[in-house]
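Chemist: Quick one: the structure is below, and I'll ask about it shortly.
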Number of protein chains: 4
Amino acid sequence: MEEMKRAIALIECADRRGIIAAVSGTLAEANANITQADEHTDVDGRFFMRLAFTCDGGQNTLAAIEKALYAGVNVAAFDQDHSMTLRVYDAERRPSMGILVSKTDHCLVELLYRHRAGELAVDIPFVAGNHEALASIAASYGIPFHYVPVEKDSKHEAEERLLALARCNSCNFLVLARYMQILSAGFIEGFGGDIINIHHSFLPSFMGADPYRQAWERGVKIIGATAHYVTERLDEGPIIEQIVERVTHRDDVESLRRKGKNLERQALYTAVLAHAERRILRCRNKTIVFA
Amino acid sequence: MEEMKRAIALIECADRRGIIAAVSGTLAEANANITQADEHTDVDGRFFMRLAFTCDGGQNTLAAIEKALYAGVNVAAFDQDHSMTLRVYDAERRPSMGILVSKTDHCLVELLYRHRAGELAVDIPFVAGNHEALASIAASYGIPFHYVPVEKDSKHEAEERLLALARCNSCNFLVLARYMQILSAGFIEGFGGDIINIHHSFLPSFMGADPYRQAWERGVKIIGATAHYVTERLDEGPIIEQIVERVTHRDDVESLRRKGKNLERQALYTAVLAHAERRILRCRNKTIVFA
Amino acid sequence: MEEMKRAIALIECADRRGIIAAVSGTLAEANANITQADEHTDVDGRFFMRLAFTCDGGQNTLAAIEKALYAGVNVAAFDQDHSMTLRVYDAERRPSMGILVSKTDHCLVELLYRHRAGELAVDIPFVAGNHEALASIAASYGIPFHYVPVEKDSKHEAEERLLALARCNSCNFLVLARYMQILSAGFIEGFGGDIINIHHSFLPSFMGADPYRQAWERGVKIIGATAHYVTERLDEGPIIEQIVERVTHRDDVESLRRKGKNLERQALYTAVLAHAERRILRCRNKTIVFA
Amino acid sequence: MEEMKRAIALIECADRRGIIAAVSGTLAEANANITQADEHTDVDGRFFMRLAFTCDGGQNTLAAIEKALYAGVNVAAFDQDHSMTLRVYDAERRPSMGILVSKTDHCLVELLYRHRAGELAVDIPFVAGNHEALASIAASYGIPFHYVPVEKDSKHEAEERLLALARCNSCNFLVLARYMQILSAGFIEGFGGDIINIHHSFLPSFMGADPYRQAWERGVKIIGATAHYVTERLDEGPIIEQIVERVTHRDDVESLRRKGKNLERQALYTAVLAHAERRILRCRNKTIVFA
């Protein structure tokens with residue numbers, strides 16, 4: 001007897017009457033049982049859907065369902081929708097997530113702790129750092145650490161090493177856990193997958209360096225942290241999650257930094273969890289994050 | 001040429017494979033276009049769905065769609081699902097909401113202000129008070145006010161007058177905007193529709209009288225307000241919305257009351273808005289509130 | 001027998017050893033009883049203090065206490081502290097607050113409602129608008145309304161009229177309750193007192209026009225509102241209060257505006273209350289807001 | 001030349017005119033410089049003060065200042081205030097904090113991580129567990145772990161061992177980081193110092209066992225965690241800190257537990273930090289937590 005499979009479908013296509021019927025009808029015909037459905041139609045007429053479902057059968061069944069869904073959406077569109085993006089994921093196959101770090105450990109510790117606690121269902125094949133400072137933390141969680149120093153004239157070689165690491169570990173996405181190097185456009189394109197970064201301010205406020213000092217100087221009453229996808233434009237990629245905390249005149253820069261570190265790890269974990277659970281769809285320079 | 005109608009379907013039934021397909025397929029056949037779909041399956045195997053859709057045609061079309069949806073769900077269930085609740089609403093027909101008050105005005109003002117500002121799409125046929133204190137506020141917003149005093153030995157008559165008011169104004173639901181009388185089981189059953197109350201604490205903490213004093217005596221660091229549906233069990237009905245605010249040792253009972261009043265009007269408005277937009281489904285003694 | 005007076009002292013001076021002793025000793029000698037004391041020392045060595053106290057006697061007593069405190073601080077400084085700002089206020093004398101508006105009413109209604117509810121202890125001698133739209137709202141709360149239109153070539157005259165209004169009503173401070181005109185440097189200087197504005201974004205994000213559209217386009221996950229003192233640099237004055245709310249991909253610009261309006265009135269009321277209770281001291285381009 | 005000492009004075013006494021002057025005058029005479037002053041007068045006429053100050057000299061100076069402060073308050077009271085509690089602490093002498101655990105690690109990891117990160121200035125002489133599960137975590141942070149099993153008939157012996165551990169490590173306070181044993185009145189009295197516990201609900205809601213299940217069954221829209229001092233009455237001690245998070249109908253019991261674990265570690269850390277920085281004073285069954 002075949003086992004039950006849990007799967008997730010993510011669909012983006014042009015909005016048309018009957019798409020939900022086409023998609024859910026296709027799954028019903030395939031004897032799949034939808035356990036959660038979320039959809040969103042953007043102002044520009046793009047349709048986004050996430051379906052969690054269970055079905056009998058193995059990986060082949062999922063491939064067949066993906067194909068059937070693709071056909072179903074096209075039928076609903078009365079034509080081939082060349083703008084469609086459709087993907088069915090095996091929910092039990094954990095995505096592979098590489099982590100890049102520098103010297104500060106709070107975001108790394110949060111991710112590794114959550115992973116060990118069973119609160120982040122990913123595989124973590126490696127942590128790579130441009131400093132050696134966090135090697136022992138990775139080791140204490142049983143994750144391989146790679147020291148990939150970045151010097152002024154060796155940035156390209158370092159990025160090549162990181163790319164090789166990501167590839168040979170089949171990384172689906174990368175997380176910059178306070179990685180203090182700017183990745184080149186070549187790296188971003190070369191990797192191809194998603195890269196999640198944590199910025200230590202409530203973007204778009206205080207882009208660039210030392211945001212807590214900027215925040216203190218401006219005298220804001222609330223500080224924040226922002227997890228976002230990396231794009232070629234620094235600090236301008238699609239925002240995934242933001243978390244804030246109230247501060248007062250008593251907080252100096254150091255105190256903002258301490259409070260901010262806590263926000264950073266919360267925001268980054270929340271974003272990474274949503275990504276790992278395939279609850280995020282990108283829409284122009286924004287994100288749709290299903291609950 | 002017929003106009004476009006906006007409508008909402010709320011469905012509760014036993015969870016079965018294919019229900020989303022049946023429902024969305026039925027709407028597609030009726031040439032309706034789903035603009036928003038939300039669903040939830042409870043741990044007990046109950047399925048809940050809210051569909052916002054547009055369609056050509058008038059009230060008759062909606063009745064036909066309701067009938068077709070009913071049939072569609074039964075087909076998916078391979079049998080008649082006698083536990084099903086299914087209703088299609090004309091989204092442009094505003095629900096009729098009666099308001100009951102006593103002496104304090106903050107919740108009433110919030111509702112009437114939001115209504116006037118176009119942020120609460122209901123009809124408000126009347127405000128009824130067991131005191132005359134708020135008559136002038138109702139008048140300043142152009143809403144009829146009825147003085148229905150409640151004395152120890154006239155409670156039954158007062159409730160009869162309120163029931164008559166609700167009926168002859170075709171009220172779909174009632175809001176207790178700090179109405180300081182306990183409604184009898186007879187009234188609740190007699191009215192039949194939903195009744196929303198605001199309790200001035202973070203339920204289930206501090207049920208009963210003077211919750212801000214209770215909160216102050218317990219020394220809580222966060223206070224709250226709770227909007228809930230009224231049931232025969234006082235303060236124990238399904239919770240719709242809760243809002244909280246941080247307090248400190250500096251807050252005395254009076255200060256908690258002042259802060260709490262602000263929470264009460266926010267929580268009540270949020271709950272009433274969700275109800276008016278037909279985003280709430282009840283599930284045992286709980287609520288499903290779609291975003 | 002003389003009555004008991006409640007008073008507030010606000011002090012800013014150079015930080016020196018013994019200042020709290022000098023100040024509290026002076027009050028003790030004057031038979032005043034400190035009911036609340038708050039102090040803050042800034043990183044730049046400036047000392048800030050707020051003292052709430054009770055004393056016997058009338059206005060003359062307060063003047064004498066102010067003089068004694070001034071002398072006391074100078075003794076502590078071993079010299080005259082020319083940078084000192086020291087002021088004793090009769091806590092029962094309500095500050096006079098003028099309100100400027102344009103067409104949108106939510107901030108005005110919040111302030112007038114709180115005032116009527118006894119939650120904002122100020123006198124409101126007038127509401128002035130560059131449109132007539134809100135005249136009836138002011139009237140319903142019994143506050144005089146002045147229509148002061150601003151045309152391209154009459155801005156100076158309009159500001160002169162507003163200045164005259166403020167002066168002949170002895171306004172201590174002004175509140176811009178979504179007043180959509182930029183005040184000239186001449187007006188700000190001419191008025192002399194504090195001016196509180198509400199900006200409909202989480203400053204410094206989204207300065208300038210249509211911040212909710214900017215926020216929607218950037219795809220932020222949290223929106224906010226900021227109450228701040230007006231300076232010659234638009235949207236860059238000292239921040240008094242900020243309030244935020246979580247939003248999602250479902251919120252369109254209109255929905256952000258609706259949620260934002262609620263934040264605006266909360267932030268503005270909170271800031272105005274702190275100012276009216278004389279809990280704010282300015283420190284460079286920042287504020288110290290005592291709890 | 002003698003070094004500069006940082007110290008903290010905590011005072012509770014009957015409220016009298018002139019107390020702040022007496023206290024700050026005493027410190028000025030001792031050439032101490034107050035860097036932060038916080039005070040609170042309770043409705044019952046009790047006065048509470050925390051003073052952070054710097055002074056020249058060593059431990060002897062602090063003892064002399066404590067004595068002088070004691071005399072100064074009595075002078076202000078015109079008599080000996082037998083209800084006074086007054087203590088001067090050397091701010092550089094870290095309090096000694098013992099940690100008790102059972103099997104779940106999230107609170108322990110948070111405390112040990114914060115300690116290592118320099119965000120919790122205490123000494124941690126030991127972690128003691130009634131299970132061995134967390135021994136390796138303590139070890140990875142370099143903290144001694146003691147296995148103190150508790151069987152039905154060995155509870156007294158176990159508590160004796162814990163008391164001995166606390167005493168021979170000169171523990172100033174204990175933290176129950178999800179320690180799943182109820183401490184006897186004898187233990188609480190025998191230890192004498194403060195004991196901080198984390199309860200996994202928004203007290204006073206859901207006292208007792210399995211609060212997340214209780215919360216789920218009640219259908220609350222916000223969950224919380226509460227850090228409080230332990231008293232003989234289970235879950236009824238003075239509340240130090242509460243943190244909450246919004247939940248929806250989608251959260252099942254497991255999801256509430258996962259979200260709650262994050263709240264628990266935040267609330268416990270915040271409470272422990274405030275206690276370690278001597279920012280908490282007890283007032284009847286409540287706490288005064290200075291910012």
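Ligands are numbered from 1 in the order shown, chains are lettered A, B, ... in the order of the structure tokens, and residues start at 1 in each chain.
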Find the spatial neighbours of A:Thr26, counting only C-alpha atoms, within a cut-off of 8 Å - ignore same-chain residues fewer than 2 positions away - and output them as an MDAnalysis selection string.
Modeler: chainID A and resid 22:24 28:30 65 68:69 72
Chemist: Residues of the last selection are to be written out with all heavy atoms, as a JSON list (two decimals), in the first residue's frame.
Modeler:
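Saved file again_31.json follows:
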[["chain", "number", "residue", "atom", "x", "y", "z"],
["A", 22, "ALA", "N", -10.31, 25.52, -11.73],
["A", 22, "ALA", "CA", -9.44, 24.67, -12.55],
["A", 22, "ALA", "C", -8.40, 23.97, -11.68],
["A", 22, "ALA", "O", -8.18, 22.76, -11.79],
["A", 22, "ALA", "CB", -8.76, 25.53, -13.62],
["A", 23, "VAL", "N", -7.80, 24.75, -10.79],
["A", 23, "VAL", "CA", -6.73, 24.21, -9.95],
["A", 23, "VAL", "C", -7.29, 23.18, -8.97],
["A", 23, "VAL", "O", -6.77, 22.06, -8.85],
["A", 23, "VAL", "CB", -6.02, 25.35, -9.20],
["A", 23, "VAL", "CG1", -5.15, 24.81, -8.11],
["A", 23, "VAL", "CG2", -5.23, 26.21, -10.18],
["A", 24, "SER", "N", -8.36, 23.54, -8.28],
["A", 24, "SER", "CA", -8.88, 22.61, -7.26],
["A", 24, "SER", "C", -9.54, 21.41, -7.93],
["A", 24, "SER", "O", -9.48, 20.29, -7.40],
["A", 24, "SER", "CB", -9.85, 23.33, -6.31],
["A", 24, "SER", "OG", -10.86, 24.00, -7.04],
["A", 28, "ALA", "N", -8.69, 17.52, -7.30],
["A", 28, "ALA", "CA", -9.73, 16.56, -6.93],
["A", 28, "ALA", "C", -9.67, 15.34, -7.85],
["A", 28, "ALA", "O", -9.77, 14.20, -7.40],
["A", 28, "ALA", "CB", -11.11, 17.23, -6.99],
["A", 29, "GLU", "N", -9.46, 15.60, -9.15],
["A", 29, "GLU", "CA", -9.36, 14.48, -10.09],
["A", 29, "GLU", "C", -8.17, 13.60, -9.79],
["A", 29, "GLU", "O", -8.19, 12.39, -10.02],
["A", 29, "GLU", "CB", -9.22, 15.01, -11.52],
["A", 29, "GLU", "CG", -10.56, 15.37, -12.14],
["A", 29, "GLU", "CD", -10.36, 16.22, -13.40],
["A", 29, "GLU", "OE1", -9.41, 15.93, -14.16],
["A", 29, "GLU", "OE2", -11.14, 17.18, -13.58],
["A", 30, "ALA", "N", -7.12, 14.21, -9.26],
["A", 30, "ALA", "CA", -5.92, 13.44, -8.92],
["A", 30, "ALA", "C", -6.05, 12.81, -7.54],
["A", 30, "ALA", "O", -5.07, 12.30, -6.99],
["A", 30, "ALA", "CB", -4.69, 14.35, -8.97],
["A", 65, "ILE", "N", 0.99, 15.57, -11.05],
["A", 65, "ILE", "CA", 0.07, 16.63, -10.59],
["A", 65, "ILE", "C", 0.55, 17.99, -11.08],
["A", 65, "ILE", "O", -0.24, 18.82, -11.52],
["A", 65, "ILE", "CB", -0.05, 16.58, -9.04],
["A", 65, "ILE", "CG1", -0.90, 15.35, -8.64],
["A", 65, "ILE", "CG2", -0.67, 17.87, -8.51],
["A", 65, "ILE", "CD1", -1.05, 15.17, -7.14],
["A", 68, "ALA", "N", -0.43, 18.30, -14.61],
["A", 68, "ALA", "CA", -1.89, 18.45, -14.73],
["A", 68, "ALA", "C", -2.34, 19.85, -14.32],
["A", 68, "ALA", "O", -3.22, 20.45, -14.95],
["A", 68, "ALA", "CB", -2.60, 17.39, -13.89],
["A", 69, "LEU", "N", -1.74, 20.37, -13.26],
["A", 69, "LEU", "CA", -2.09, 21.73, -12.82],
["A", 69, "LEU", "C", -1.73, 22.74, -13.91],
["A", 69, "LEU", "O", -2.48, 23.67, -14.20],
["A", 69, "LEU", "CB", -1.34, 22.08, -11.53],
["A", 69, "LEU", "CG", -1.89, 21.45, -10.24],
["A", 69, "LEU", "CD1", -0.92, 21.70, -9.08],
["A", 69, "LEU", "CD2", -3.26, 22.02, -9.90],
["A", 72, "GLY", "N", -4.26, 22.55, -16.48],
["A", 72, "GLY", "CA", -5.53, 23.07, -15.98],
["A", 72, "GLY", "C", -5.59, 24.59, -16.00],
["A", 72, "GLY", "O", -6.60, 25.18, -16.39]]
Chemist: Tell me, which residues of stretch 5-159 of chain C carry DSSP helix (DSSP H, G or I), written as a ChimeraX atom specification?
Modeler: /C:19-29,59-76,106-116,135-140,152-159
Chemist: Could you save those same residues with C-alpha atoms as a PDB file, in the first residue's frame?
Modeler:
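Done, and the output landed in result_17.pdb:
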ATOM      1  CA  ILE C  19      21.942  69.167  41.338  1.00  0.00           C
ATOM      2  CA  ILE C  20      19.178  66.812  42.470  1.00  0.00           C
ATOM      3  CA  ALA C  21      20.063  67.620  46.081  1.00  0.00           C
ATOM      4  CA  ALA C  22      19.989  71.351  45.376  1.00  0.00           C
ATOM      5  CA  VAL C  23      16.641  71.160  43.615  1.00  0.00           C
ATOM      6  CA  SER C  24      14.923  68.821  46.054  1.00  0.00           C
ATOM      7  CA  GLY C  25      16.454  70.648  49.028  1.00  0.00           C
ATOM      8  CA  THR C  26      15.084  73.933  47.755  1.00  0.00           C
ATOM      9  CA  LEU C  27      11.610  72.420  47.452  1.00  0.00           C
ATOM     10  CA  ALA C  28      11.827  70.900  50.920  1.00  0.00           C
ATOM     11  CA  GLU C  29      12.757  74.297  52.378  1.00  0.00           C
ATOM     12  CA  GLN C  59       0.685  81.978  42.401  1.00  0.00           C
ATOM     13  CA  ASN C  60       3.136  84.118  44.379  1.00  0.00           C
ATOM     14  CA  THR C  61       4.453  81.021  46.088  1.00  0.00           C
ATOM     15  CA  LEU C  62       5.142  79.433  42.728  1.00  0.00           C
ATOM     16  CA  ALA C  63       7.031  82.487  41.538  1.00  0.00           C
ATOM     17  CA  ALA C  64       9.089  82.428  44.719  1.00  0.00           C
ATOM     18  CA  ILE C  65       9.805  78.731  44.294  1.00  0.00           C
ATOM     19  CA  GLU C  66      10.882  79.269  40.710  1.00  0.00           C
ATOM     20  CA  LYS C  67      13.295  81.947  41.836  1.00  0.00           C
ATOM     21  CA  ALA C  68      14.624  79.769  44.674  1.00  0.00           C
ATOM     22  CA  LEU C  69      15.127  76.815  42.340  1.00  0.00           C
ATOM     23  CA  TYR C  70      17.027  79.022  39.930  1.00  0.00           C
ATOM     24  CA  ALA C  71      19.314  80.158  42.730  1.00  0.00           C
ATOM     25  CA  GLY C  72      19.682  76.606  44.019  1.00  0.00           C
ATOM     26  CA  VAL C  73      20.850  75.239  40.691  1.00  0.00           C
ATOM     27  CA  ASN C  74      23.362  78.058  40.363  1.00  0.00           C
ATOM     28  CA  VAL C  75      24.750  77.268  43.798  1.00  0.00           C
ATOM     29  CA  ALA C  76      25.153  73.649  42.781  1.00  0.00           C
ATOM     30  CA  HIS C 106     -10.174  62.120  12.240  1.00  0.00           C
ATOM     31  CA  CYS C 107      -7.454  63.902  14.219  1.00  0.00           C
ATOM     32  CA  LEU C 108      -9.717  66.810  15.094  1.00  0.00           C
ATOM     33  CA  VAL C 109     -12.505  64.528  16.293  1.00  0.00           C
ATOM     34  CA  GLU C 110     -10.066  62.556  18.453  1.00  0.00           C
ATOM     35  CA  LEU C 111      -8.726  65.686  20.152  1.00  0.00           C
ATOM     36  CA  LEU C 112     -12.165  67.222  20.698  1.00  0.00           C
ATOM     37  CA  TYR C 113     -13.600  63.936  21.943  1.00  0.00           C
ATOM     38  CA  ARG C 114     -10.746  63.403  24.400  1.00  0.00           C
ATOM     39  CA  HIS C 115     -11.105  66.988  25.554  1.00  0.00           C
ATOM     40  CA  ARG C 116     -14.816  66.561  26.211  1.00  0.00           C
ATOM     41  CA  ALA C 135     -16.756  73.949  10.955  1.00  0.00           C
ATOM     42  CA  SER C 136     -19.765  71.881  11.966  1.00  0.00           C
ATOM     43  CA  ILE C 137     -17.648  69.374  13.870  1.00  0.00           C
ATOM     44  CA  ALA C 138     -16.031  72.141  15.903  1.00  0.00           C
ATOM     45  CA  ALA C 139     -19.498  73.570  16.497  1.00  0.00           C
ATOM     46  CA  SER C 140     -20.872  70.231  17.731  1.00  0.00           C
ATOM     47  CA  LYS C 152      -1.253  81.108  -3.447  1.00  0.00           C
ATOM     48  CA  ASP C 153      -0.859  84.840  -3.100  1.00  0.00           C
ATOM     49  CA  SER C 154      -2.507  85.214   0.302  1.00  0.00           C
ATOM     50  CA  LYS C 155      -0.405  82.856   2.360  1.00  0.00           C
ATOM     51  CA  HIS C 156       1.294  85.635   4.264  1.00  0.00           C
ATOM     52  CA  GLU C 157      -2.005  87.299   5.151  1.00  0.00           C
ATOM     53  CA  ALA C 158      -3.459  83.973   6.224  1.00  0.00           C
ATOM     54  CA  GLU C 159      -0.523  83.323   8.518  1.00  0.00           C
TER      55      GLU C 159
END
Chemist: Residues near D:Asp210, anyone? I mean within 12 Å using only C-alpha atoms, not counting same-chain ones fewer than 4 positions away, as a list in words.
Modeler: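 So, after excluding close chain neighbours, the residues are Met180, His199, His200, Ser201, Ser205, Phe206, Gln214, Ala215, Trp216, Glu217, Val253, Glu254, Leu256, Arg257 and Gly260 of chain D.
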Chemist: Suppose we keep N, CA, C and O atoms; can you now write the selection as a PDB file, in the first residue's frame?
Modeler:
ATOM      1  N   MET D 180       9.956  22.043  36.314  1.00  0.00           N
ATOM      2  CA  MET D 180       8.591  21.538  36.415  1.00  0.00           C
ATOM      3  C   MET D 180       8.278  20.900  37.762  1.00  0.00           C
ATOM      4  O   MET D 180       7.461  19.990  37.855  1.00  0.00           O
ATOM      5  N   HIS D 199       5.878  31.586  33.772  1.00  0.00           N
ATOM      6  CA  HIS D 199       4.650  30.817  33.554  1.00  0.00           C
ATOM      7  C   HIS D 199       4.238  30.966  32.105  1.00  0.00           C
ATOM      8  O   HIS D 199       4.247  32.068  31.570  1.00  0.00           O
ATOM      9  N   HIS D 200       3.853  29.852  31.494  1.00  0.00           N
ATOM     10  CA  HIS D 200       3.582  29.894  30.067  1.00  0.00           C
ATOM     11  C   HIS D 200       2.144  30.297  29.753  1.00  0.00           C
ATOM     12  O   HIS D 200       1.481  29.673  28.930  1.00  0.00           O
ATOM     13  N   SER D 201       1.674  31.359  30.397  1.00  0.00           N
ATOM     14  CA  SER D 201       0.416  31.966  29.974  1.00  0.00           C
ATOM     15  C   SER D 201       0.419  33.422  30.408  1.00  0.00           C
ATOM     16  O   SER D 201       1.286  33.863  31.153  1.00  0.00           O
ATOM     17  N   SER D 205      -4.787  34.586  33.548  1.00  0.00           N
ATOM     18  CA  SER D 205      -5.463  33.588  32.715  1.00  0.00           C
ATOM     19  C   SER D 205      -4.691  32.273  32.750  1.00  0.00           C
ATOM     20  O   SER D 205      -3.466  32.270  32.748  1.00  0.00           O
ATOM     21  N   PHE D 206      -5.430  31.199  32.738  1.00  0.00           N
ATOM     22  CA  PHE D 206      -4.843  29.888  32.518  1.00  0.00           C
ATOM     23  C   PHE D 206      -3.756  29.525  33.516  1.00  0.00           C
ATOM     24  O   PHE D 206      -2.639  29.149  33.148  1.00  0.00           O
ATOM     25  N   GLN D 214      -5.450  25.202  27.304  1.00  0.00           N
ATOM     26  CA  GLN D 214      -6.544  26.019  27.838  1.00  0.00           C
ATOM     27  C   GLN D 214      -6.799  27.238  26.942  1.00  0.00           C
ATOM     28  O   GLN D 214      -7.941  27.593  26.655  1.00  0.00           O
ATOM     29  N   ALA D 215      -5.724  27.878  26.502  1.00  0.00           N
ATOM     30  CA  ALA D 215      -5.858  29.085  25.670  1.00  0.00           C
ATOM     31  C   ALA D 215      -6.509  28.735  24.335  1.00  0.00           C
ATOM     32  O   ALA D 215      -7.367  29.457  23.826  1.00  0.00           O
ATOM     33  N   TRP D 216      -6.098  27.610  23.777  1.00  0.00           N
ATOM     34  CA  TRP D 216      -6.652  27.188  22.489  1.00  0.00           C
ATOM     35  C   TRP D 216      -8.141  26.875  22.645  1.00  0.00           C
ATOM     36  O   TRP D 216      -8.951  27.263  21.801  1.00  0.00           O
ATOM     37  N   GLU D 217      -8.473  26.211  23.726  1.00  0.00           N
ATOM     38  CA  GLU D 217      -9.886  25.855  23.917  1.00  0.00           C
ATOM     39  C   GLU D 217     -10.757  27.087  24.144  1.00  0.00           C
ATOM     40  O   GLU D 217     -11.895  27.130  23.695  1.00  0.00           O
ATOM     41  N   VAL D 253      -2.843  23.798  19.070  1.00  0.00           N
ATOM     42  CA  VAL D 253      -2.147  23.800  20.360  1.00  0.00           C
ATOM     43  C   VAL D 253      -0.632  23.772  20.159  1.00  0.00           C
ATOM     44  O   VAL D 253       0.115  24.488  20.837  1.00  0.00           O
ATOM     45  N   GLU D 254      -0.194  22.977  19.207  1.00  0.00           N
ATOM     46  CA  GLU D 254       1.245  22.854  18.963  1.00  0.00           C
ATOM     47  C   GLU D 254       1.850  24.182  18.521  1.00  0.00           C
ATOM     48  O   GLU D 254       2.940  24.567  18.945  1.00  0.00           O
ATOM     49  N   LEU D 256       0.603  27.146  19.186  1.00  0.00           N
ATOM     50  CA  LEU D 256       0.622  28.046  20.353  1.00  0.00           C
ATOM     51  C   LEU D 256       1.844  27.755  21.223  1.00  0.00           C
ATOM     52  O   LEU D 256       2.492  28.672  21.730  1.00  0.00           O
ATOM     53  N   ARG D 257       2.156  26.480  21.384  1.00  0.00           N
ATOM     54  CA  ARG D 257       3.315  26.121  22.210  1.00  0.00           C
ATOM     55  C   ARG D 257       4.605  26.652  21.616  1.00  0.00           C
ATOM     56  O   ARG D 257       5.463  27.183  22.318  1.00  0.00           O
ATOM     57  N   GLY D 260       4.607  30.307  21.995  1.00  0.00           N
ATOM     58  CA  GLY D 260       4.723  30.614  23.412  1.00  0.00           C
ATOM     59  C   GLY D 260       6.138  30.438  23.931  1.00  0.00           C
ATOM     60  O   GLY D 260       6.602  31.217  24.774  1.00  0.00           O
TER      61      GLY D 260
END
Chemist: Run DSSP on the backbone and tell me which residues of stretch 14-244 of chain B come out as strand (DSSP E); list them as an NGL selection string.
Modeler: :B and (14 or 33-41 or 46-56 or 85-90 or 97-101 or 127-129 or 145-147 or 173-176 or 194-199 or 222-229 or 239-244)
Chemist: Output the selection as a CSV table (one decimal), in the first residue's frame - C-alpha atoms for each residue.
Modeler:
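Wrote it out as selection-v1.csv, contents follow:
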chain,number,residue,atom,x,y,z
B,14,ALA,CA,-18.1,18.4,6.9
B,33,ASN,CA,-15.5,35.5,-10.6
B,34,ILE,CA,-13.9,34.7,-7.2
B,35,THR,CA,-12.1,37.8,-5.9
B,36,GLN,CA,-11.1,36.4,-2.6
B,37,ALA,CA,-11.2,32.9,-1.1
B,38,ASP,CA,-10.5,31.9,2.5
B,39,GLU,CA,-10.9,28.5,4.0
B,40,HIS,CA,-10.1,26.8,7.2
B,41,THR,CA,-10.4,23.2,8.3
B,46,ARG,CA,-15.3,20.9,10.0
B,47,PHE,CA,-14.7,22.9,6.8
B,48,PHE,CA,-15.2,26.6,6.7
B,49,MET,CA,-15.1,28.9,3.7
B,50,ARG,CA,-15.6,32.5,2.7
B,51,LEU,CA,-15.8,33.5,-0.9
B,52,ALA,CA,-16.1,37.0,-2.2
B,53,PHE,CA,-17.1,37.0,-5.8
B,54,THR,CA,-18.6,39.1,-8.5
B,55,CYS,CA,-21.3,38.0,-11.0
B,56,ASP,CA,-23.7,39.4,-13.5
B,85,THR,CA,-24.6,25.9,6.7
B,86,LEU,CA,-24.5,27.9,3.5
B,87,ARG,CA,-25.5,31.4,2.8
B,88,VAL,CA,-24.9,33.9,-0.1
B,89,TYR,CA,-25.0,37.6,0.8
B,90,ASP,CA,-25.4,40.5,-1.5
B,97,MET,CA,-27.0,47.0,13.3
B,98,GLY,CA,-28.7,48.2,16.4
B,99,ILE,CA,-26.7,49.7,19.2
B,100,LEU,CA,-27.4,49.4,23.0
B,101,VAL,CA,-25.7,51.8,25.4
B,127,VAL,CA,-29.3,53.6,19.4
B,128,ALA,CA,-31.2,52.4,22.5
B,129,GLY,CA,-30.1,53.3,26.0
B,145,PHE,CA,-32.3,57.3,20.0
B,146,HIS,CA,-34.7,55.3,22.1
B,147,TYR,CA,-34.8,55.6,25.9
B,173,PHE,CA,-27.1,42.0,14.7
B,174,LEU,CA,-26.9,44.0,17.9
B,175,VAL,CA,-23.9,45.7,19.5
B,176,LEU,CA,-23.6,46.3,23.2
B,194,ASP,CA,-25.7,37.8,16.7
B,195,ILE,CA,-25.0,40.1,19.6
B,196,ILE,CA,-21.5,41.6,20.0
B,197,ASN,CA,-20.3,42.7,23.4
B,198,ILE,CA,-17.1,44.5,24.6
B,199,HIS,CA,-15.6,43.3,27.9
B,222,ILE,CA,-0.4,44.4,30.2
B,223,ILE,CA,-4.1,45.2,30.1
B,224,GLY,CA,-6.6,44.4,27.4
B,225,ALA,CA,-10.1,44.5,26.0
B,226,THR,CA,-12.1,41.7,24.5
B,227,ALA,CA,-14.9,41.8,21.9
B,228,HIS,CA,-17.0,38.6,21.9
B,229,TYR,CA,-20.3,37.2,20.9
B,239,ILE,CA,-13.9,35.8,21.4
B,240,ILE,CA,-13.7,37.9,18.2
B,241,GLU,CA,-10.9,40.3,18.9
B,242,GLN,CA,-8.6,41.3,21.7
B,243,ILE,CA,-6.3,44.3,22.0
B,244,VAL,CA,-3.7,45.0,24.7
